[in-house]
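Q: Hey, dropping target26.txt in here, compact mmCIF, C-alpha atoms:
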```txt
# COMPACT_ATOMS: atom_id res chain seq x y z
CA MET H 17 -3.58 -30.51 -28.83
CA LYS H 18 -0.58 -28.49 -27.78
CA THR H 19 1.99 -29.92 -25.43
CA PRO H 20 3.08 -28.11 -22.26
CA THR H 21 6.39 -27.34 -23.95
CA GLU H 22 4.59 -25.57 -26.79
CA ASP H 23 2.60 -23.58 -24.28
CA HIS H 24 5.79 -22.65 -22.48
CA ASP H 25 7.34 -21.61 -25.79
CA LEU H 26 4.48 -19.18 -26.37
CA ILE H 27 4.77 -17.83 -22.83
CA ARG H 28 8.54 -17.48 -23.09
CA TRP H 29 8.20 -15.71 -26.45
CA LEU H 30 5.64 -13.28 -24.99
CA ASP H 31 7.85 -12.50 -22.00
CA GLY H 32 11.08 -12.10 -23.91
CA GLU H 33 12.66 -15.09 -22.19
CA MET H 34 13.90 -16.73 -25.40
CA THR H 35 17.37 -16.59 -26.82
CA ALA H 36 17.83 -14.90 -30.18
CA ALA H 37 17.97 -18.28 -31.94
CA GLU H 38 14.85 -19.56 -30.18
CA ARG H 39 13.04 -16.34 -31.00
CA GLU H 40 13.91 -16.67 -34.68
CA ARG H 41 12.64 -20.25 -34.79
CA PHE H 42 9.45 -19.29 -32.98
CA ALA H 43 8.83 -16.37 -35.36
CA ALA H 44 8.98 -18.86 -38.25
CA ARG H 45 6.44 -21.07 -36.45
CA LEU H 46 4.13 -18.11 -35.99
CA GLU H 47 4.21 -17.37 -39.70
CA SER H 48 3.32 -20.94 -40.55
CA ASP H 49 0.61 -21.41 -37.91
CA PRO H 50 -2.26 -18.87 -38.13
CA VAL H 51 -3.97 -20.25 -35.02
CA LEU H 52 -0.81 -19.89 -32.96
CA LYS H 53 -0.27 -16.42 -34.38
CA ALA H 54 -3.80 -15.33 -33.47
CA ASP H 55 -3.34 -16.72 -29.98
CA ALA H 56 -0.05 -14.87 -29.59
CA GLU H 57 -1.56 -11.58 -30.77
CA ALA H 58 -4.48 -11.96 -28.36
CA LEU H 59 -2.10 -12.56 -25.47
CA LEU H 60 0.01 -9.56 -26.48
CA GLN H 61 -3.17 -7.48 -26.44
CA LEU H 62 -4.06 -8.85 -23.01
CA GLY H 63 -0.62 -7.96 -21.64
CA ALA H 64 -0.87 -4.42 -22.99
CA ALA H 65 -4.30 -4.01 -21.38
CA LEU H 66 -3.02 -5.26 -18.02
CA ARG H 67 -0.08 -2.88 -18.06
CA ALA H 68 -2.31 0.01 -19.10
CA HIS H 69 -4.83 -0.50 -16.31
CA LEU H 70 -2.72 -1.87 -13.45
CA PRO H 71 0.05 0.59 -12.62
CA GLY H 72 3.26 -0.87 -11.26
CA GLU H 73 3.65 2.07 -8.93
CA MET H 74 0.86 3.92 -7.15
CA PRO H 75 0.93 7.09 -5.07
CA LEU H 76 0.72 6.11 -1.45
CA PRO H 77 -1.91 8.02 0.55
CA HIS H 78 -0.24 10.09 3.29
CA ALA H 79 3.19 8.94 2.16
CA ASP H 80 5.10 11.10 4.65
CA PHE H 81 3.07 9.68 7.52
CA PHE H 82 3.76 6.20 6.16
CA ASN H 83 7.51 6.81 6.40
CA SER H 84 7.32 8.49 9.79
CA GLN H 85 5.29 5.67 11.31
CA ILE H 86 7.89 3.17 10.13
CA GLN H 87 10.63 5.24 11.74
CA VAL H 88 8.66 5.41 14.98
CA ARG H 89 8.11 1.65 15.03
CA ILE H 90 11.79 1.04 14.33
CA ALA H 91 12.71 3.38 17.18
CA GLN H 92 10.30 1.60 19.49
CA GLU H 93 11.65 -1.82 18.56
CA ASP H 94 15.26 -0.72 18.93
CA GLU H 95 14.62 0.71 22.38
CA PRO H 96 11.70 -1.14 23.93
CA ALA H 97 12.14 0.70 27.21
CA ARG H 98 11.29 3.95 25.48
CA SER H 99 7.98 2.72 24.05
CA GLY H 100 6.02 3.56 27.15
CA ALA H 101 2.63 3.53 25.46
CA PRO H 102 2.34 0.58 23.09
CA SER H 103 -1.26 1.37 22.21
CA ARG H 104 -0.43 4.90 21.15
CA GLY H 105 0.56 4.10 17.56
CA ARG H 106 -2.65 2.20 17.01
CA TRP H 107 -4.61 4.88 18.78
CA LEU H 108 -3.29 7.51 16.42
CA GLU H 109 -3.72 5.45 13.27
CA TRP H 110 -7.25 6.59 12.61
CA PHE H 111 -6.13 10.19 12.31
CA ARG H 112 -5.33 9.35 8.71
CA LEU H 113 -8.79 7.96 7.91
CA PRO H 114 -10.76 10.02 5.37
CA SER H 115 -13.89 9.65 7.54
CA PHE H 116 -12.06 11.21 10.44
CA ALA H 117 -10.88 14.07 8.29
CA THR H 118 -14.45 14.65 7.14
CA ALA H 119 -15.79 14.55 10.68
CA LEU H 120 -13.35 17.21 11.73
CA ALA H 121 -13.90 19.46 8.74
CA ALA H 122 -16.01 21.91 10.74
CA ALA H 123 -13.39 22.21 13.41
CA ALA H 124 -10.40 22.09 11.11
CA ALA H 125 -9.93 25.83 11.14
CA VAL H 126 -9.27 25.89 14.84
CA VAL H 127 -7.53 22.58 15.31
CA ILE H 128 -3.84 22.03 14.90
CA ALA H 129 -3.71 20.10 11.66
CA GLY H 130 -1.28 17.54 12.74
CA VAL H 131 -0.40 14.54 14.77
CA MET H 132 2.64 14.64 16.96
CA ILE H 133 4.05 11.36 18.12
CA TRP H 134 5.67 11.80 21.49
CA GLN H 135 8.00 9.69 23.51
CA GLN H 136 9.80 10.08 26.81
CA ASP H 137 13.57 10.24 26.52
CA GLU H 138 16.01 8.91 29.11
CA THR H 139 15.61 12.01 31.26
CA GLY H 140 11.85 11.64 31.30
CA GLU H 141 11.28 14.68 29.12
CA SER H 142 8.95 14.61 26.13
CA MET H 143 10.32 14.84 22.64
CA VAL H 144 8.59 14.95 19.29
CA LEU H 145 9.64 11.95 17.22
CA SER H 146 7.51 12.59 14.22
CA THR H 147 4.91 14.97 12.91
CA TYR H 148 2.20 14.43 10.37
CA THR H 149 -0.12 16.95 8.74
CA PRO H 150 -3.09 15.64 6.72
CA ASN H 151 -2.96 18.78 4.59
CA PRO H 152 0.21 18.54 2.49
CA GLY H 153 0.27 22.34 2.31
CA VAL H 154 0.86 22.54 6.04
CA GLN H 155 4.36 22.01 7.35
CA ALA H 156 4.92 21.12 11.01
CA ARG H 157 8.20 21.69 12.81
CA ALA H 158 9.05 21.10 16.44
CA PHE H 159 11.79 22.68 18.55
CA HIS H 160 12.61 21.71 22.09
CA SER H 161 14.42 24.01 24.47
CA GLN H 162 15.82 22.20 27.47
CA GLU H 163 16.64 25.49 29.11
CA ALA H 164 13.09 26.76 28.76
CA GLN H 165 11.65 23.30 29.34
CA ALA H 166 9.34 23.93 26.41
CA THR H 167 8.54 22.41 23.06
CA VAL H 168 7.42 24.79 20.33
CA LEU H 169 5.32 23.47 17.48
CA MET H 170 5.39 25.61 14.34
CA LEU H 171 2.73 25.12 11.68
CA ASP H 172 3.34 26.84 8.35
CA GLY H 173 0.55 27.06 5.79
CA LEU H 174 -2.49 27.08 8.09
CA GLU H 175 -4.26 29.99 6.45
CA ALA H 176 -7.68 29.23 7.88
CA MET H 177 -6.74 29.37 11.56
CA PRO H 178 -8.20 32.55 13.13
CA ALA H 179 -5.70 34.60 15.07
CA ASP H 180 -8.10 34.93 17.99
CA HIS H 181 -8.56 31.24 18.56
CA LYS H 182 -5.29 29.61 19.36
CA ILE H 183 -4.72 26.05 20.33
CA VAL H 184 -2.23 26.23 23.14
CA GLY H 185 -1.97 22.58 24.03
CA TYR H 186 -3.46 19.17 24.05
CA HIS H 187 -3.55 16.25 26.35
CA ILE H 188 -3.88 12.55 25.66
CA GLN H 189 -5.72 10.89 28.51
CA HIS H 190 -4.86 7.24 28.97
CA SER H 191 -6.42 4.65 31.19
CA GLU H 192 -5.99 0.94 31.69
CA ARG H 193 -8.69 0.33 29.09
CA GLU H 194 -7.85 1.47 25.60
CA GLN H 195 -11.41 2.54 24.75
CA ASP H 196 -11.15 5.13 27.49
CA VAL H 197 -8.28 6.91 25.77
CA ALA H 198 -9.21 10.43 24.72
CA THR H 199 -7.43 13.40 23.24
CA THR H 200 -8.40 16.88 24.36
CA LEU H 201 -7.28 20.08 22.65
CA TYR H 202 -7.37 23.33 24.59
CA GLY H 203 -7.74 26.94 23.51
CA GLU H 204 -5.72 29.78 24.94
CA ARG H 205 -8.16 30.44 27.80
CA GLY H 206 -7.99 26.83 28.79
CA GLU H 207 -11.31 26.05 27.21
CA VAL H 208 -11.85 22.67 25.61
CA VAL H 209 -11.92 22.98 21.83
CA LEU H 210 -12.12 19.35 20.83
CA VAL H 211 -12.39 15.98 22.51
CA VAL H 212 -11.99 12.81 20.48
CA SER H 213 -11.96 9.22 21.56
CA GLU H 214 -12.37 5.88 19.86
CA ASP H 215 -15.16 3.35 20.04
CA SER H 216 -14.95 -0.37 20.66
CA HIS H 217 -14.23 -0.88 16.95
CA HIS H 218 -11.29 1.54 17.16
CA GLN H 219 -13.10 4.11 15.04
CA PRO H 220 -12.86 7.81 15.85
CA ARG H 221 -15.61 9.13 18.09
CA LEU H 222 -16.04 12.87 18.30
CA LEU H 223 -17.08 13.65 21.85
CA SER H 224 -17.11 17.41 21.82
CA VAL H 225 -16.33 20.26 19.42
CA SER H 226 -16.35 23.96 20.09
CA THR H 227 -15.71 26.37 17.25
CA GLN H 228 -16.59 29.52 19.18
CA PRO H 229 -13.65 31.89 19.60
CA MET I 29 14.66 16.32 13.60
CA PRO I 30 17.89 17.19 11.79
CA ALA I 31 17.73 18.09 8.13
CA PRO I 32 18.79 15.26 5.83
CA THR I 33 22.33 15.67 4.53
CA ALA I 34 22.58 12.50 2.45
CA PRO I 35 22.66 12.76 -1.33
CA ASP I 36 19.47 12.36 -3.30
CA PRO I 37 18.25 8.85 -2.49
CA GLY I 38 17.63 8.29 -6.18
CA GLU I 39 21.36 8.51 -6.83
CA VAL I 40 22.48 6.04 -4.19
CA PRO I 41 22.51 2.36 -5.22
CA ASP I 42 20.26 0.05 -3.24
CA SER I 43 23.24 -2.00 -2.13
CA ASP I 44 24.88 1.05 -0.52
CA LEU I 45 21.69 1.95 1.29
CA VAL I 46 21.29 -1.66 2.44
CA LYS I 47 24.80 -1.69 3.90
CA ARG I 48 24.08 1.55 5.74
CA CYS I 49 20.85 0.06 7.05
CA GLN I 50 22.73 -2.98 8.28
CA ALA I 51 24.97 -0.59 10.21
CA GLY I 52 21.87 0.82 11.89
CA ASP I 53 21.26 3.88 9.70
CA THR I 54 17.50 4.39 9.83
CA ARG I 55 17.69 7.33 7.42
CA ALA I 56 19.11 5.01 4.76
CA PHE I 57 16.13 2.75 5.36
CA ASP I 58 13.82 5.76 5.04
CA ALA I 59 15.34 6.36 1.59
CA LEU I 60 14.63 2.75 0.61
CA VAL I 61 11.08 3.08 1.88
CA THR I 62 10.60 6.22 -0.20
CA ARG I 63 12.06 4.50 -3.24
CA TYR I 64 9.89 1.39 -3.10
CA ARG I 65 6.75 2.33 -1.19
CA GLY I 66 4.79 3.09 -4.38
CA LYS I 67 5.69 -0.27 -5.91
CA VAL I 68 5.02 -2.26 -2.75
CA TYR I 69 1.71 -0.46 -2.25
CA ALA I 70 0.68 -1.10 -5.87
CA MET I 71 1.54 -4.78 -5.54
CA THR I 72 -0.43 -5.26 -2.32
CA TYR I 73 -3.32 -3.16 -3.64
CA HIS I 74 -3.60 -5.20 -6.83
CA MET I 75 -3.47 -8.39 -4.74
CA ILE I 76 -6.16 -7.52 -2.21
CA GLN I 77 -7.92 -4.49 -3.80
CA ASN I 78 -8.41 -2.65 -0.53
CA GLU I 79 -6.64 0.69 -0.02
CA THR I 80 -6.56 0.72 3.77
CA GLU I 81 -5.40 -2.87 4.12
CA ALA I 82 -2.84 -2.40 1.34
CA TRP I 83 -1.45 0.63 3.19
CA ASP I 84 -1.12 -1.36 6.42
CA LEU I 85 0.34 -4.42 4.69
CA SER I 86 2.88 -2.29 2.85
CA GLN I 87 4.00 -0.82 6.14
CA GLU I 88 4.17 -4.29 7.68
CA ALA I 89 6.34 -5.46 4.77
CA PHE I 90 8.82 -2.64 5.35
CA ILE I 91 8.92 -3.27 9.10
CA LYS I 92 9.63 -6.96 8.47
CA ALA I 93 12.27 -5.97 5.94
CA TRP I 94 13.99 -3.79 8.53
CA ARG I 95 13.98 -6.66 11.02
CA ALA I 96 15.37 -9.07 8.41
CA LEU I 97 17.98 -6.74 6.93
CA PRO I 98 20.81 -7.96 9.19
CA GLN I 99 20.41 -11.41 7.59
CA PHE I 100 20.21 -10.09 4.00
CA LYS I 101 23.41 -11.11 2.20
CA LEU I 102 22.87 -8.99 -0.92
CA ASP I 103 22.86 -12.20 -2.95
CA SER I 104 19.82 -10.92 -4.81
CA SER I 105 18.55 -7.47 -5.64
CA PHE I 106 16.98 -5.57 -2.77
CA TYR I 107 13.65 -5.15 -4.54
CA THR I 108 13.36 -8.86 -5.30
CA TRP I 109 14.07 -9.59 -1.65
CA LEU I 110 11.57 -6.91 -0.59
CA TYR I 111 8.93 -8.29 -2.96
CA ARG I 112 9.39 -11.70 -1.39
CA ILE I 113 8.70 -10.24 2.04
CA THR I 114 5.70 -8.37 0.63
CA HIS I 115 4.50 -11.62 -0.93
CA ASN I 116 4.72 -13.40 2.45
CA VAL I 117 2.95 -10.59 4.28
CA THR I 118 0.17 -10.51 1.69
CA TYR I 119 -0.27 -14.28 1.74
CA ASP I 120 -0.43 -14.30 5.53
CA TRP I 121 -3.20 -11.70 5.30
CA LEU I 122 -5.04 -13.67 2.62
CA ARG I 123 -4.82 -16.81 4.72
CA LYS I 124 -6.19 -14.99 7.73
CA LYS I 125 -9.04 -13.57 5.71
CA LYS I 126 -9.63 -16.97 4.15
CA ILE I 127 -9.90 -15.45 0.71
CA GLN I 128 -9.51 -18.30 -1.73
CA GLY I 129 -9.77 -17.63 -5.43
CA ASP I 130 -8.30 -20.63 -7.26
CA GLY I 131 -10.65 -20.09 -10.16
CA GLU I 132 -13.66 -19.67 -7.91
CA PHE I 133 -15.71 -16.51 -8.10
CA ASP I 134 -15.15 -14.33 -5.04
CA ASP I 135 -18.20 -12.11 -4.55
CA SER I 136 -16.46 -9.91 -1.97
CA HIS I 137 -15.11 -7.86 -4.85
CA THR I 138 -18.44 -7.23 -6.53
CA GLU I 139 -20.95 -7.22 -3.70
CA HIS I 140 -21.21 -3.42 -3.85
CA ARG I 141 -22.84 -3.57 -7.24
CA VAL I 142 -25.89 -5.58 -6.25
CA ALA I 143 -27.98 -4.46 -3.32
CA ALA I 144 -29.19 -7.15 -0.98
CA GLY I 145 -32.83 -7.82 -1.73
CA ALA I 146 -32.71 -6.33 -5.19
CA GLU I 147 -34.80 -7.95 -7.87
CA THR I 148 -32.92 -10.59 -9.76
CA VAL I 149 -33.55 -8.87 -13.09
CA PRO I 150 -35.05 -5.43 -12.46
CA HIS I 151 -37.45 -4.25 -15.12
CA GLY I 152 -35.97 -1.54 -17.30
CA ASP I 153 -32.39 -2.35 -16.36
CA PRO I 154 -30.03 -3.96 -18.82
CA ALA I 155 -29.56 -7.69 -18.60
CA PRO I 156 -26.53 -8.74 -16.54
CA ASP I 157 -24.45 -9.65 -19.57
CA VAL I 158 -25.18 -6.29 -21.21
CA ALA I 159 -24.39 -4.46 -17.98
CA MET I 160 -21.14 -6.34 -17.72
CA LYS I 161 -20.18 -5.33 -21.25
CA ARG I 162 -20.69 -1.70 -20.33
CA MET I 163 -18.25 -1.82 -17.46
CA GLU I 164 -15.06 0.02 -18.09
CA LEU I 165 -12.20 -2.14 -19.20
CA GLY I 166 -10.14 -1.20 -16.17
CA GLU I 167 -12.80 -2.38 -13.79
CA ARG I 168 -13.26 -5.55 -15.82
CA ILE I 169 -9.55 -6.21 -15.57
CA ARG I 170 -9.44 -5.63 -11.81
CA ASP I 171 -12.43 -7.93 -11.34
CA ALA I 172 -10.83 -10.58 -13.52
CA ILE I 173 -7.57 -10.35 -11.58
CA ALA I 174 -9.53 -10.75 -8.34
CA GLN I 175 -11.04 -13.96 -9.64
CA LEU I 176 -7.65 -15.59 -10.09
CA SER I 177 -6.21 -17.63 -7.27
CA PRO I 178 -3.60 -15.76 -5.20
CA ASP I 179 -0.85 -17.90 -6.78
CA HIS I 180 -1.88 -17.05 -10.33
CA ARG I 181 -2.66 -13.43 -9.44
CA GLN I 182 0.80 -12.99 -7.97
CA VAL I 183 2.77 -14.30 -10.94
CA ILE I 184 0.78 -12.38 -13.54
CA LEU I 185 1.20 -9.15 -11.54
CA LEU I 186 4.92 -9.73 -10.99
CA ARG I 187 5.39 -10.37 -14.71
CA GLU I 188 3.03 -7.95 -16.44
CA VAL I 189 2.89 -5.12 -13.91
CA ASP I 190 6.32 -5.23 -12.28
CA GLY I 191 8.17 -6.67 -15.25
CA LEU I 192 10.11 -9.23 -13.24
CA ALA I 193 12.03 -11.94 -15.13
CA TYR I 194 11.12 -15.59 -14.58
CA GLU I 195 14.09 -16.19 -12.29
CA GLU I 196 13.12 -13.22 -10.14
CA ILE I 197 9.50 -14.39 -9.94
CA ALA I 198 10.69 -17.88 -8.98
CA GLU I 199 12.75 -16.31 -6.22
CA VAL I 200 9.93 -14.13 -4.93
CA VAL I 201 7.21 -16.79 -4.83
CA PRO I 202 9.34 -19.11 -4.41
CA CYS I 203 8.85 -21.90 -6.95
CA SER I 204 10.51 -23.50 -9.96
CA LEU I 205 10.82 -21.85 -13.37
CA GLY I 206 8.44 -24.47 -14.76
CA THR I 207 5.84 -23.53 -12.18
CA VAL I 208 6.25 -19.85 -13.06
CA MET I 209 5.58 -20.62 -16.72
CA SER I 210 2.65 -22.90 -15.97
CA ARG I 211 1.05 -20.35 -13.67
CA LEU I 212 1.58 -17.57 -16.19
CA PHE I 213 0.03 -19.68 -18.92
CA TYR I 214 -3.00 -20.59 -16.82
CA ALA I 215 -3.45 -17.02 -15.52
CA ARG I 216 -3.39 -15.61 -19.04
CA LYS I 217 -5.82 -18.17 -20.38
CA LYS I 218 -8.16 -17.53 -17.47
CA LEU I 219 -7.94 -13.77 -17.98
CA GLN I 220 -8.60 -14.22 -21.70
CA GLU I 221 -11.69 -16.22 -20.85
CA LEU I 222 -12.92 -13.65 -18.33
CA LEU I 223 -12.19 -10.70 -20.61
CA LYS I 224 -13.06 -12.23 -23.95
CA ASP I 225 -15.78 -9.69 -24.72
CA ALA I 226 -14.06 -6.73 -23.10
CA TYR I 227 -11.92 -5.39 -25.89
CA GLU I 228 -14.68 -4.98 -28.44
CA ASN I 229 -16.55 -2.80 -25.92
CA ALA I 230 -13.58 -0.74 -24.87
CA ASP I 231 -13.04 2.75 -26.20
```
Please express what this file holds, its structure, as structure tokens.
A:
Amino acid sequence: MKTPTEDHDLIRWLDGEMTAAERERFAARLESDPVLKADAEALLQLGAALRAHLPGEMPLPHADFFNSQIQVRIAQEDEPARSGAPSRGRWLEWFRLPSFATALAAAAAVVIAGVMIWQQDETGESMVLSTYTPNPGVQARAFHSQEAQATVLMLDGLEAMPADHKIVGYHIQHSEREQDVATTLYGERGEVVLVVSEDSHHQPRLLSVSTQP
Amino acid sequence: MPAPTAPDPGEVPDSDLVKRCQAGDTRAFDALVTRYRGKVYAMTYHMIQNETEAWDLSQEAFIKAWRALPQFKLDSSFYTWLYRITHNVTYDWLRKKKIQGDGEFDDSHTEHRVAAGAETVPHGDPAPDVAMKRMELGERIRDAIAQLSPDHRQVILLREVDGLAYEEIAEVVPCSLGTVMSRLFYARKKLQELLKDAYENAD
């Protein structure tokens, strides 16, 4: 029966944690002990299989949104007074769910493909802290003109949006109860294009969709 | 949002970015997030095998790292320090979910394969052991990893997947070097046992 030290020797040899002298001595042991050599080769094979099938780095879904949410949370923690709507981050989280994207597929052509995270600055005016577009081919930019008292959202890459059906604004309706929060997107004639809310399990609930121009 | 003017984050050493973070530079932290998000996500994903939860836990790890950065003395590498935070966040989650491997079979990882109410051995279907042999090696490995205890799972992932040295693993976990070696030995033996028939069936 092997001692713990012998087991550790095998482990240290496998992991390259031996000195050159130790490695030389262990190599001699391997040559003289077929059982130990077979065990070592099996463990080498196991290690190779693990590395082949378990990547050390994986592409993060919605990586840009991941970064932007971290920046938003840092900003909120640094200036608690500016985080007027603590439930908003959670409320917007499900925008990145695949099921939500699927549910909105029919309306995607007429809906602004993005999430804008808003905050009030010291003067009480809205500013866009972060933007996120589920479609990586769509780039969102925001410009605020204090003089015009307007924020312009520019979406590049939205090929499918018909020119005759513009989204001119949206409104997030809050209430004291989180499940009553709803987001409404409006077309250029003021008509409601989309209303989404969330259920008691914080899952997206599509309340109304209109795709008619 | 102003256009970034900093040099390519890949060219700036971690220690420089950390110092800028400690001075309140959130863009430097964004560069660190970009640099390590794939590794942190992979680590949490391999630990809990749930994409959505791994995404959230990875974000939580970075938020905790930002909060703790003022206390970070740069006495270890940033990624080792970050992995330790990720380790703590993941363990907190595992504790809350009461997922306990420790050599026990955890059916939460395989419940999707057997429908509730299905016949124990359906006629015409391969026997369970034959079906298991047909599983792809990758899936076999992920299942085997899931059957390790969190302690053993963590050290084998840190060593084989992330390539950390024993001293770094001991710092992340944290534990002694002897414990690192013992856990690695046990984890490998357990994986060998669980995967003993896998290689001969692999392509």
Q: Report as a ChimeraX atom specification the set of chain H residues whose atoms approach chain I to within 7 Å, with distances computed over all atoms listed in the file.
A: /H:24,27,63,66-67,69-76,83,86
Q: Closest to Val201 in chain I among I:Arg112, I:Glu221, I:Ser105, I:His180, using all atoms listed in the file?
A: I:Arg112
Q: Please report the interatomic distance between CA of Thr114 in chain I and CA of Ala89 in chain I in Å with one decimal.
A: 5.1 Å
Q: Please compute the CA of Tyr111 in chain I-CA of Val200 in chain I distance, one decimal, in Å.
A: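 Atom-to-atom, CA of Tyr111 in chain I and CA of Val200 in chain I are spaced 6.2 Å apart.
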Q: Could you give me, as an MDAnalysis selection string, the residues within 12 Å of Ala43 in chain H, counting only C-alpha atoms and dropping anything in the same chain fewer than 2 positions from it?
A: chainID H and resid 25:26 29:30 34 36:41 45:50 52:53 56
Q: For a test of reading the model, state the distance in Å between CA of Leu59 in chain H and CA of Gln182 in chain I, rounded to one decimal.
A: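 Going from CA of Leu59 in chain H over to CA of Gln182 in chain I covers 17.7 Å.
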Q: Do a neighbour search on Leu45 in chain I at 9 Å with all atoms listed in the file, toss out local chain neighbours closer than 5 positions, and write the hits as a list in words.
A: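 Once the nearby chain positions are removed, what remains is Pro37, Val40, Gln50, Asp53, Ala56, Phe57, Ala59 and Leu60 of chain I.
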Q: Filtering to C-alpha atoms, could you give me those residues as a short mmCIF file (atom, residue, chain, number, x, y, z; two decimals), in the frame of the given file?
A:
```
data_model
loop_
_atom_site.label_atom_id
_atom_site.label_comp_id
_atom_site.auth_asym_id
_atom_site.auth_seq_id
_atom_site.Cartn_x
_atom_site.Cartn_y
_atom_site.Cartn_z
CA PRO I 37 18.25 8.85 -2.49
CA VAL I 40 22.48 6.04 -4.19
CA GLN I 50 22.73 -2.98 8.28
CA ASP I 53 21.26 3.88 9.70
CA ALA I 56 19.11 5.01 4.76
CA PHE I 57 16.13 2.75 5.36
CA ALA I 59 15.34 6.36 1.59
CA LEU I 60 14.63 2.75 0.61
#
```
Q: Which of these residues is nearest to Met75 in chain I, using all atoms listed in the file: I:Val46, I:Ile113, I:Pro41, I:Trp121?
A: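 Using all atoms listed in the file, Met75 in chain I sits closest to I:Trp121.
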Q: Would you please work out which residue, of I:Asp171, I:Asp42, I:Glu81, I:Glu195, is nearest to Val117 in chain I when using all atoms listed in the file?
A: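 Going through I:Asp171, I:Asp42, I:Glu81, I:Glu195 one by one, the smallest distance to Val117 in chain I is for I:Glu81.
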Q: Restricting the calculation to only C-alpha atoms, which member of H:Asp94, H:Asp80, H:Glu57, H:Gln87 is positioned closest to Ala156 in chain H?
A: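 Checking each candidate against Ala156 in chain H, we get H:Asp80 as the closest.
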